[in-house]
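Okay, structure first, notes after.
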8 protein chains.
Amino acid sequence: MGLYYRMNLIDLLHQIEKGSLSAAQAAKLIDEMYERDLGFARVDIDRHKRCGLPEVIYSPGKTGQQIAKIMSAMAQSGQNVLATRATPEQYKIVKKIHRKASYNKLARTITLIKSRLPKTHAQVGIVCAGTSDIPVAEEAAVTAEFMGARVERIYDAGVAGLHRIFKHLPTLRESHALVVVAGMEGALPSVVGGLIDRPIIAVPTSVGYGTTLKGFAPLLAMLNSCVPGITVVNIDNGFSAGVAAAMIARTEVRS
Amino acid sequence: MGLYYRMNLIDLLHQIEKGSLSAAQAAKLIDEMYERDLGFARVDIDRHKRCGLPEVIYSPGKTGQQIAKIMSAMAQSGQNVLATRATPEQYKIVKKIHRKASYNKLARTITLIKSRLPKTHAQVGIVCAGTSDIPVAEEAAVTAEFMGARVERIYDAGVAGLHRIFKHLPTLRESHALVVVAGMEGALPSVVGGLIDRPIIAVPTSVGYGTTLKGFAPLLAMLNSCVPGITVVNIDNGFSAGVAAAMIARTEVRS
Amino acid sequence: MGLYYRMNLIDLLHQIEKGSLSAAQAAKLIDEMYERDLGFARVDIDRHKRCGLPEVIYSPGKTGQQIAKIMSAMAQSGQNVLATRATPEQYKIVKKIHRKASYNKLARTITLIKSRLPKTHAQVGIVCAGTSDIPVAEEAAVTAEFMGARVERIYDAGVAGLHRIFKHLPTLRESHALVVVAGMEGALPSVVGGLIDRPIIAVPTSVGYGTTLKGFAPLLAMLNSCVPGITVVNIDNGFSAGVAAAMIARTEVRS
Amino acid sequence: MGLYYRMNLIDLLHQIEKGSLSAAQAAKLIDEMYERDLGFARVDIDRHKRCGLPEVIYSPGKTGQQIAKIMSAMAQSGQNVLATRATPEQYKIVKKIHRKASYNKLARTITLIKSRLPKTHAQVGIVCAGTSDIPVAEEAAVTAEFMGARVERIYDAGVAGLHRIFKHLPTLRESHALVVVAGMEGALPSVVGGLIDRPIIAVPTSVGYGTTLKGFAPLLAMLNSCVPGITVVNIDNGFSAGVAAAMIARTEVRS
Amino acid sequence: MGLYYRMNLIDLLHQIEKGSLSAAQAAKLIDEMYERDLGFARVDIDRHKRCGLPEVIYSPGKTGQQIAKIMSAMAQSGQNVLATRATPEQYKIVKKIHRKASYNKLARTITLIKSRLPKTHAQVGIVCAGTSDIPVAEEAAVTAEFMGARVERIYDAGVAGLHRIFKHLPTLRESHALVVVAGMEGALPSVVGGLIDRPIIAVPTSVGYGTTLKGFAPLLAMLNSCVPGITVVNIDNGFSAGVAAAMIARTEVRS
Amino acid sequence: MGLYYRMNLIDLLHQIEKGSLSAAQAAKLIDEMYERDLGFARVDIDRHKRCGLPEVIYSPGKTGQQIAKIMSAMAQSGQNVLATRATPEQYKIVKKIHRKASYNKLARTITLIKSRLPKTHAQVGIVCAGTSDIPVAEEAAVTAEFMGARVERIYDAGVAGLHRIFKHLPTLRESHALVVVAGMEGALPSVVGGLIDRPIIAVPTSVGYGTTLKGFAPLLAMLNSCVPGITVVNIDNGFSAGVAAAMIARTEVRS
Amino acid sequence: MGLYYRMNLIDLLHQIEKGSLSAAQAAKLIDEMYERDLGFARVDIDRHKRCGLPEVIYSPGKTGQQIAKIMSAMAQSGQNVLATRATPEQYKIVKKIHRKASYNKLARTITLIKSRLPKTHAQVGIVCAGTSDIPVAEEAAVTAEFMGARVERIYDAGVAGLHRIFKHLPTLRESHALVVVAGMEGALPSVVGGLIDRPIIAVPTSVGYGTTLKGFAPLLAMLNSCVPGITVVNIDNGFSAGVAAAMIARTEVRS
Amino acid sequence: MGLYYRMNLIDLLHQIEKGSLSAAQAAKLIDEMYERDLGFARVDIDRHKRCGLPEVIYSPGKTGQQIAKIMSAMAQSGQNVLATRATPEQYKIVKKIHRKASYNKLARTITLIKSRLPKTHAQVGIVCAGTSDIPVAEEAAVTAEFMGARVERIYDAGVAGLHRIFKHLPTLRESHALVVVAGMEGALPSVVGGLIDRPIIAVPTSVGYGTTLKGFAPLLAMLNSCVPGITVVNIDNGFSAGVAAAMIARTEVRS
């Protein structure tokens with residue numbers, strides 16, 4: 001148990017000793033305090049402020065109205081809101097209610113900024129192999145920016161033309177964390193990992209012909225990379241990659 | 001049906017017309033001729049001589065004695081013999097009977113040369129990613145040499161250190177066909193294919209950690225290569241890759 | 001590094017020695033030259049001219065307008081253009097802008113010929129098992145022709161009626177490379193490979209009842225062919241097979 | 001319910017009417033009789049006599065002593081005994097107790113013949129692709145013979161050399177049912193099925209390189225055969241194929 | 001080679017000897033005869049007459065017009081026609097041209113009877129587990145009837161209520177071959193096989209909740225049946241099961 | 001939060017109010033109490049006593065000495081001990097230290113009884129299909145008995161001979177919960193579930209030929225049972241099935 | 001055989017002895033009686049009354065009219081009716097005929113109550129991880145209620161916020177059986193199982209990103225739970241989980 | 001291209017202008033410089049010094065002598081050496097030559113320290129679920145320490161007893177990066193991720209019963225975690241997780 005809570009408990013019990021607090025009042029306070037000690041309720045409030053990741057809405061299966069309603073609830077408490085995998089139709093409805101909401105067509109995200117995004121010096125480099133991988137890459141980019149990172153985008157840099165990567169090596173080397181997105185044979189993270197000494201998060205995409213198995217081929221390739229230290233997220237999961245990269249990049253700059 | 005057979009048939013029937021051949025004799029000849037016309041028996045005789053691939057013994061499941069016996073039968077008709085996936089134990093037994101048989105420990109092959117290997121100017125380049133891929137690469141090399149190709153070996157040239165490939169680009173460009181062997185993420189054929197304009201046969205190997213699925217990860221990667229024109233053989237099947245490469249390289253030089 | 005570049009570099013440096021080139025001018029030239037030495041930029045320009053495979057547009061996920069725009073860019077530099085997996089709707093839009101563009105309904109390809117196709121004596125034989133395999137076979141055929149090969153088509157020749165193959169053996173034997181397309185049990189490449197001594201590229205298709213697993217059944221069958229030297233491309237990937245076959249056939253004729 | 005039982009029941013109840021049987025005695029008899037009417041107990045007794053398939057011992061996981069003991073129990077009731085997948089070690093122990101037991105090394109079966117095998121004119125043709133498939137083919141052959149069929153064996157007749165099949169077409173056409181055994185690409189049943197109008201049971205084997213997936217590649221190929229009417233049994237299950245073929249062949253001859 | 005052909009050849013050659021046939025005329029006849037000897041052309045003509053399976057049209061991917069056209073070609077030569085997996089829409093178009101064509105809505109088949117179906121005493125029993133399996137069962141039934149078998153249908157007899165099977169045991173026992181159709185856990189063939197001593201063809205269907213894997217669960221169950229001699233066809237492949245059952249049943253009655 | 005804890009907390013705080021407990025002392029007590037409120041520490045102590053499932057040792061990967069040591073620790077606190085998947089070798093070592101430990105060879109379990117097993121009237125019926133399934137069935141039986149249930153064993157009652165199940169229906173109907181163990185096609189739970197109205201836990205085993213996929217075939221069959229309410233545990237996991245069945249059976253008798 | 005039937009049989013046979021029943025009359029009665037003794041016909045009538053699970057209609061693939069018709073047949077015999085996986089469209093048609101039918105939009109169920117639901121004190125707790133899992137959870141809830149259980153719903157309690165589970169531990173502990181529904185990583189049953197000593201039925205859902213494999217990821221997770229005694233039903237199969245839980249809970253309260 | 005190289009090139013060319021360097025000399029220098037600009041050769045020298053990850057030997061498939069020899073080569077250049085997956089036998093041989101080499105039996109690693117490990121304040125927390133996961137966890141720990149991180153180990157903290165995790169939350173919160181290792185259902189990373197706001201690398205292990213599929217079950221669970229930002233490495237790949245965690249932790253402390 002953290003020191004902070006320990007102090008509070010002792011303090012509280014002393015108040016009962018001193019008679020400034022009844023046993024019944026204290027019982028209620030202790031309940032709440034311990035719930036926090038488990039880190040749950042706290043997480044729901046504090047963590048979001050601290051992370052710049054207050055709450056994220058996964059749009060599929062929700063109506064535009066439902067998304068707008070959740071956004072209202074969050075916006076009222078001054079939080080920024082991010083909705084992923086949103087369709088233009090969903091956005092159209094949201095837009096009517098939240099005038100300041102903006103839509104990123106490539107990333108399929110809606111963002112509503114209420115309080116200024118956190119300022120960090122964290123830089124995340126995002127590389128993708130082909131043009132079809134851009135939606136996933138862009139989802140990662142928007143997410144990382146939402147969490148306060150500066151993002152460098154290097155798109156359409158597949159291994160069939162290595163010079164496209166080489167041109168951008170300096171930029172990549174200046175990033176604190178990299179997201180590398182690729183479908184088909186998923187070779188790009190290995191190639192980038194062989195050239196650059198930075199934490200790399202690989203994202204397989206479901207792009208490609210028959211046997212990619214909806215992204216399993218690049219997923220397996222990335223898990224089996226000959227470059228140690230490359231980590232992987234789920235197929236097409238640009239959002240999770242963006243969170244991981246921003247979290248890594250931020251820790252660097254914070255300390 | 002080919003012209004050759006047509007002429008023979010007409011000729012043969014004319015001989016009956018002329019009385020120089022009995023119907024019974026002709027019946028037997030026609031049977032044989034048509035069997036040939038289907039290309040089966042002929043293939044078994046002519047093709048091997050022409051290809052430099054007279055017969056190959058797949059050793060697993062056979063005793064050393066059995067291998068030696070097959071070799072004797074072939075050697076008596078003056079053919080060269082290749083046995084793949086042979087163990088040192090099998091070789092030891094073969095060696096007692098066939099003094100001139102030689103063993104390639106890496107490739108796990110036994111060869112017995114009775115007639116001079118065919119002379120060609122065909123060159124096959126064989127690249128492999130890691131040291132563990134060498135047995136498969138070497139099996140391809142021995143097979144291609146057995147079919148008369150000159151082989152350039154470029155081993156331990158994985159994508160984690162691209163400079164190792166770059167150094168050998170000129171050699172690779174001089175080859176008529178390439179075999180690229182890789183396990184793990186199987187990215188090497190895509191990288192080579194992006195740099196060189198030659199027919200590439202990719203060979204996945206069963207080398208690597210858990211999720212390579214005994215070679216299925218690189219197999220899928222290679223099938224999904226973003227470089228068009230790369231073809232693939234079965235996992236660990238260096239032999240088949242060697243045959244394919246020599247066959248391609250040979251056609252070039254022949255014409 | 002190739003001899004050609006070495007000579008250029010020396011020559012260029014001598015020009016500085018002689019004063020006919022400033023250091024700054026030379027620096028820029030060297031950059032470009034070395035980029036070429038890696039084979040990247042060069043590939044993008046020279047290779048295409050040499051190969052007859054200048055650039056190929058993969059149509060799915062693109063609008064007709066986008067395809068037309070890419071075509072314009074390429075056509076302006078005098079290149080021939082091939083677009084694969086194009087729908088009639090996409091073609092309709094392309095046609096409005098590029099009057100000379102033609103559509104192959106079976107192969108689902110759009111071609112726009114600006115400079116004469118390369119003339120070669122290379123012949124590619126394309127065999128397919130059933131009528132449902134024809135779109136994939138035809139994609140391979142159009143691609144090979146686009147690269148300058150002469151194509152012999154032998155369609156609907158499945159193993160359930162072997163005589164259909166036998167009739168065409170002479171034609172197949174005259175080809176420099178073969179593409180064999182089959183779905184379901186994928187037995188055709190083995191049967192053809194047992195009869196003909198030519199490089200064979202097998203293409204599994206996603207045609208068939210339940211357990212074909214969208215083409216995995218014939219893919220596995222082809223990878224496990226008892227005939228050595230057969231190589232395989234991805235499911236339904238007629239395009240890649242066409243590239244491989246034309247590349248093989250061309251090398252033969254060139255030399 | 002069969003006529004036979006109906007008659008017995010009526011007869012039995014009449015005996016109670018007549019007083020020649022007590023209600024209690026009848027109750028016991030009826031219980032037994034109805035159990036038979038469901039066909040269970042009867043199956044265990046009558047069916048085996050009728051089928052020539054009295055009982056089969058699956059040897060793996062049993063000691064030689066256990067096999068011998070089961071054999072003793074069966075032999076005492078005059079039944080013939082078949083044990084499948086038996087090792088030479090198991091046989092050695094069985095042999096000590098059952099002097100007349102014989103071992104088929106290829107098929108890995110022990111047979112002990114107590115009563116003459118049923119005489120039928122049923123002929124089963126058994127074809128296999130490669131030498132490694134012979135153990136499975138031989139298991140099918142021994143089983144079919146144990147059930148009274150005459151077996152024609154055509155081994156080592158893979159699709160890479162079609163003439164080997166063609167030579168034996170007449171023999172195959174005279175069989176009442178065919179078993180076709182193949183590993184690797186599993187193409188043989190399709191080829192045979194395209195040539196012969198007989199019930200075909202296909203048996204995939206676990207023979208071959210990596211991606212045969214221990215027999216799943218030929219299993220899928222056989223299930224997806226383009227020839228209608230081919231049926232399939234489990235991987236390496238020569239025993240079940242032998243039972244099916246003998247059952248089919250027998251019905252023909254019986255009627 | 002069969003005796004019949006041998007006699008013909010000798011006869012033909014004797015005619016040349018006798019001068020009643022020119023060498024050129026004979027050459028043409030021999031060509032044709034040998035093609036037949038391979039069984040191909042013959043199969044296409046004779047086999048269908050003999051089998052009652054003249055030709056079957058697989059409808060998916062064809063237009064109604066295309067189906068009607070194939071039917072016309074076949075009907076003109078007096079053949080009966082069966083089209084499987086036909087939609088009501090396809091039938092509607094066919095019906096306009098072929099007035100006598102009839103549609104089986106459950107089986108999704110179109111039949112056009114030109115010559116009387118073959119008369120046999122063969123009986124095929126077709127059992128299915130649930131109502132959702134009926135389309136597959138009915139496809140098997142229509143196919144078997146088309147080949148001249150008499151079909152006994154026992155539908156909706158799943159293992160959750162065994163009494164439904166027991167009631168029909170006598171009918172099943174009178175059949176010469178059985179088709180057992182089941183989805184979900186695919187247990188029905190094992191249960192039927194434990195009760196009845198007849199050749200059983202099991203057909204897995206793609207009916208059921210998530211993990212049936214589109215029919216792979218019952219397919220695996222059927223392949224692993226503890227009852228020896230059960231054979232299996234592809235998922236949902238009622239057509240192939242019908243062919244196999246009719247072929248088995250017919251052989252019985254023929255002899 | 002449960003009433004019990006609430007009362008304790010109030011009581012405790014009142015003691016501080018009254019001065020009979022210092023704040024520091026109370027702080028420590030509250031910590032412990034809340035930890036219990038989460039149910040963790042308590043579970044480790046109370047639950048085991050109450051369940052008759054004090055602790056179970058999974059033997060693979062442990063030495064006999066390690067098992068014996070864990071047993072000593074548990075036995076000292078008077079607990080009964082169960083070790084699963086133990087080899088005879090492991091038992092031999094355990095036996096030297098724990099004289100009263102007993103070994104069930106079939107179930108591969110070691111038990112050491114220190115306090116009397118809980119007395120319940122719960123009855124668990126355990127059915128298995130074949131003799132090879134007995135080890136898994138017996139592991140379930142021993143586990144259920146260890147938890148205080150009375151177990152009825154009905155072994156070797158596969159669906160190929162349904163009468164073997166029918167004989168035991170009354171016994172099965174008297175059980176409060178059933179465990180049904182089967183490999184191969186895994187049909188037994190469906191058949192039993194169609195006959196008996198009791199909670200059924202199905203256990204797939206890894207017994208059988210090739211395509212059982214080490215138990216996945218029966219696992220899928222059981223998950224897809226047409227009988228609602230059947231639940232499934234992991235392949236070969238007799239232990240977990242025994243726990244589930246005893247837990248269900250106990251709840252019935254307890255109330 | 002149960003005592004009840006034995007008494008009846010003896011009684012019946014005594015009637016023949018006494019002459020109050022003819023043999024022929026008795027034969028018919030015995031037939032019926034024994035059929036019942038197998039439990040089949042009886043099950044179809046008695047079991048449903050006893051279980052509160054009279055009949056359940058699986059709606060997919062049925063028209064609204066068909067569902068309504070089945071409901072009419074059942075309602076006429078006074079039975080309650082449950083239809084699962086029903087669409088609003090199907091309900092709309094049913095509603096026209098059965099005015100009292102009600103629809104649960106979340107669970108996608110139609111219920112028609114004709115006789116009062118059985119009264120039990122059984123309580124089933126149903127927990128689900130995310131909002132997308134609610135339809136499956138609700139199907140389980142409606143089913144359990146239909147069988148007479150009282151249901152406690154605890155929804156949206158995923159492992160990413162453990163406090164949401166902790167709050168409800170007392171409620172969960174008061175349930176006689178638990179259903180735990182989760183998609184994605186399927187961790188919730190393990191967490192609940194570590195906290196609560198009750199029979200748990202885990203239901204994987206097909207909710208989630210790419211590699212959930214339509215529910216296979218949580219299915220595998222649940223089968224491999226480190227908490228013994230957790231049992232699993234098929235993906236999305238809330239219905240079967242509801243049956244199992246109600247059956248378990250009912251047995252407890254009944255005794 | 002980086003500024004550093006640009007300056008060097010200009011400088012070098014100016015030297016030619018000035019005549020202080022011949023064209024030939026310059027050509028050689030430029031070659032080397034550009035090779036470095038690609039980062040390859042440099043990487044092999046500089047990167048290792050900078051990373052604290054000089055070279056790692058993967059032991060399987062190497063003899064003890066081979067490992068010792070590689071170690072000698074590296075040690076001579078003053079580098080520290082780490083060998084993973086080493087057996088005690090391999091270590092025994094290495095120890096004879098490298099007296100200072102030490103073996104971690106749990107992690108199966110050999111380390112040879114020649115220069116002091118880098119000093120960092122980076123802290124990596126390593127959590128594992130069960131005792132069988134410890135070897136993988138320990139491999140991660142040794143690797144992270146080898147790269148200069150301070151490691152906090154929290155072992156045997158599976159989700160079946162959540163209190164074991166809760167006790168260590170403060171320690172985990174003080175770490176800069178976490179490695180969470182789990183087999184079976186792989187739920188631990190989700191639980192930890194729901195409690196702690198730090199970069200988490202999840203490692204699935206191949207520990208567990210049948211359907212874990214050698215680690216695929218926890219791998220899929222981890223990829224599908226409901227907690228965003230969790231990244232995953234290959235099954236059992238503690239080494240790669242250790243590299244990733246140390247790399248992340250180091251960046252934090254460095255800046």
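Going by the structure tokens order, chains are called A, B, ..., each with residues numbered from 1, while ligands are numbered from 1 in the order shown.
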Contact set, chain F to chain E: 12 Å, only C-alpha atoms, as a ChimeraX atom specification: /F:129-130,157-164,166,182-197,204,206-228,230
Run DSSP on the backbone and give me the residues of region 5-251 of chain B it puts in strand (DSSP E or B), as a PyMOL selection string. chain B and resi 56-58+81-84+102-104+109-112+123-128+150-154+177-182+200-204+231-232
If I take CA of His168 (chain E) and CA of Arg153 (chain E), how far is one from the other in Å, to one decimal? 10.0 Å
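CA of Ile57 (chain F) sits 18.0 Å away from CA of Gly148 (chain F).
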Determine, counting only C-alpha atoms, which protein, DNA and RNA residues have an atom within 8 Å of an atom of Ile154 (chain G); residues of the same chain fewer than 5 positions away are not included. Present the result as a list in words.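 In the requested form, the answer reads Gly125, Ile126, Val127, Cys128 and His168 of chain G.
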Just asking: which residues within region 97-241 of chain F are helix (DSSP H, G or I) according to DSSP, as a VMD selection string? chain F and resid 97 131 to 146 159 to 161 163 to 166 169 to 174 188 to 195 210 to 223 238 to 241
Could you tell me how far CA of Glu139 (chain B) lies from CA of Arg85 (chain B), in Å and to one decimal? 8.5 Å
Name the residues in contact with Gln15 (chain G) at a cut-off of 12 Å, using only C-alpha atoms, excluding same-chain residues fewer than 3 positions from it; report them as a PyMOL selection string. (chain D and resi 13+16-17+22-23) or (chain G and resi 8-12+18-23+25-26)
Would you put the residues from that selection into a file with N, CA, C and O atoms, as a short mmCIF file (atom, residue, chain, number, x, y, z; two decimals), in the first residue's frame?
data_model
loop_
_atom_site.label_atom_id
_atom_site.label_comp_id
_atom_site.auth_asym_id
_atom_site.auth_seq_id
_atom_site.Cartn_x
_atom_site.Cartn_y
_atom_site.Cartn_z
N LEU D 13 -45.66 -64.87 -25.02
CA LEU D 13 -46.85 -64.46 -24.26
C LEU D 13 -47.90 -65.56 -24.31
O LEU D 13 -48.59 -65.82 -23.32
N ILE D 16 -47.36 -67.93 -21.60
CA ILE D 16 -47.90 -67.52 -20.29
C ILE D 16 -49.41 -67.80 -20.26
O ILE D 16 -49.93 -68.33 -19.28
N GLU D 17 -50.08 -67.42 -21.34
CA GLU D 17 -51.52 -67.72 -21.43
C GLU D 17 -51.78 -69.20 -21.14
O GLU D 17 -52.67 -69.57 -20.40
N SER D 22 -43.93 -68.86 -16.35
CA SER D 22 -44.43 -67.93 -15.32
C SER D 22 -44.17 -66.49 -15.75
O SER D 22 -43.30 -66.22 -16.59
N ALA D 23 -44.91 -65.59 -15.18
CA ALA D 23 -44.73 -64.17 -15.50
C ALA D 23 -43.30 -63.73 -15.21
O ALA D 23 -42.69 -62.99 -15.99
N ASN G 8 -44.50 -52.56 -13.68
CA ASN G 8 -45.53 -52.57 -14.72
C ASN G 8 -45.49 -53.84 -15.54
O ASN G 8 -46.51 -54.43 -15.87
N LEU G 9 -44.28 -54.27 -15.88
CA LEU G 9 -44.13 -55.44 -16.73
C LEU G 9 -44.65 -56.68 -16.00
O LEU G 9 -45.48 -57.44 -16.54
N ILE G 10 -44.21 -56.85 -14.78
CA ILE G 10 -44.66 -58.00 -13.98
C ILE G 10 -46.19 -57.96 -13.87
O ILE G 10 -46.88 -58.98 -14.10
N ASP G 11 -46.69 -56.80 -13.54
CA ASP G 11 -48.14 -56.63 -13.40
C ASP G 11 -48.86 -57.04 -14.68
O ASP G 11 -49.86 -57.78 -14.67
N LEU G 12 -48.33 -56.62 -15.77
CA LEU G 12 -48.93 -56.89 -17.07
C LEU G 12 -48.91 -58.38 -17.38
O LEU G 12 -49.89 -58.97 -17.87
N LYS G 18 -53.57 -64.30 -15.41
CA LYS G 18 -54.92 -64.31 -14.87
C LYS G 18 -55.97 -64.34 -15.99
O LYS G 18 -57.16 -64.49 -15.75
N GLY G 19 -55.55 -64.11 -17.20
CA GLY G 19 -56.49 -64.14 -18.33
C GLY G 19 -57.20 -62.81 -18.56
O GLY G 19 -58.07 -62.70 -19.41
N SER G 20 -56.83 -61.77 -17.79
CA SER G 20 -57.52 -60.49 -17.98
C SER G 20 -56.94 -59.69 -19.16
O SER G 20 -57.33 -58.56 -19.43
N LEU G 21 -55.96 -60.22 -19.83
CA LEU G 21 -55.33 -59.52 -20.96
C LEU G 21 -54.88 -60.57 -21.97
O LEU G 21 -54.29 -61.60 -21.59
N SER G 22 -55.14 -60.33 -23.24
CA SER G 22 -54.71 -61.32 -24.23
C SER G 22 -53.24 -61.10 -24.57
O SER G 22 -52.68 -60.01 -24.37
N ALA G 23 -52.62 -62.12 -25.08
CA ALA G 23 -51.21 -62.02 -25.48
C ALA G 23 -51.02 -60.91 -26.50
O ALA G 23 -50.07 -60.12 -26.44
N GLN G 25 -52.84 -58.18 -27.05
CA GLN G 25 -52.96 -56.85 -26.41
C GLN G 25 -51.69 -56.53 -25.64
O GLN G 25 -51.15 -55.42 -25.69
N ALA G 26 -51.22 -57.52 -24.91
CA ALA G 26 -50.02 -57.31 -24.09
C ALA G 26 -48.82 -56.98 -24.96
O ALA G 26 -48.00 -56.11 -24.61
#
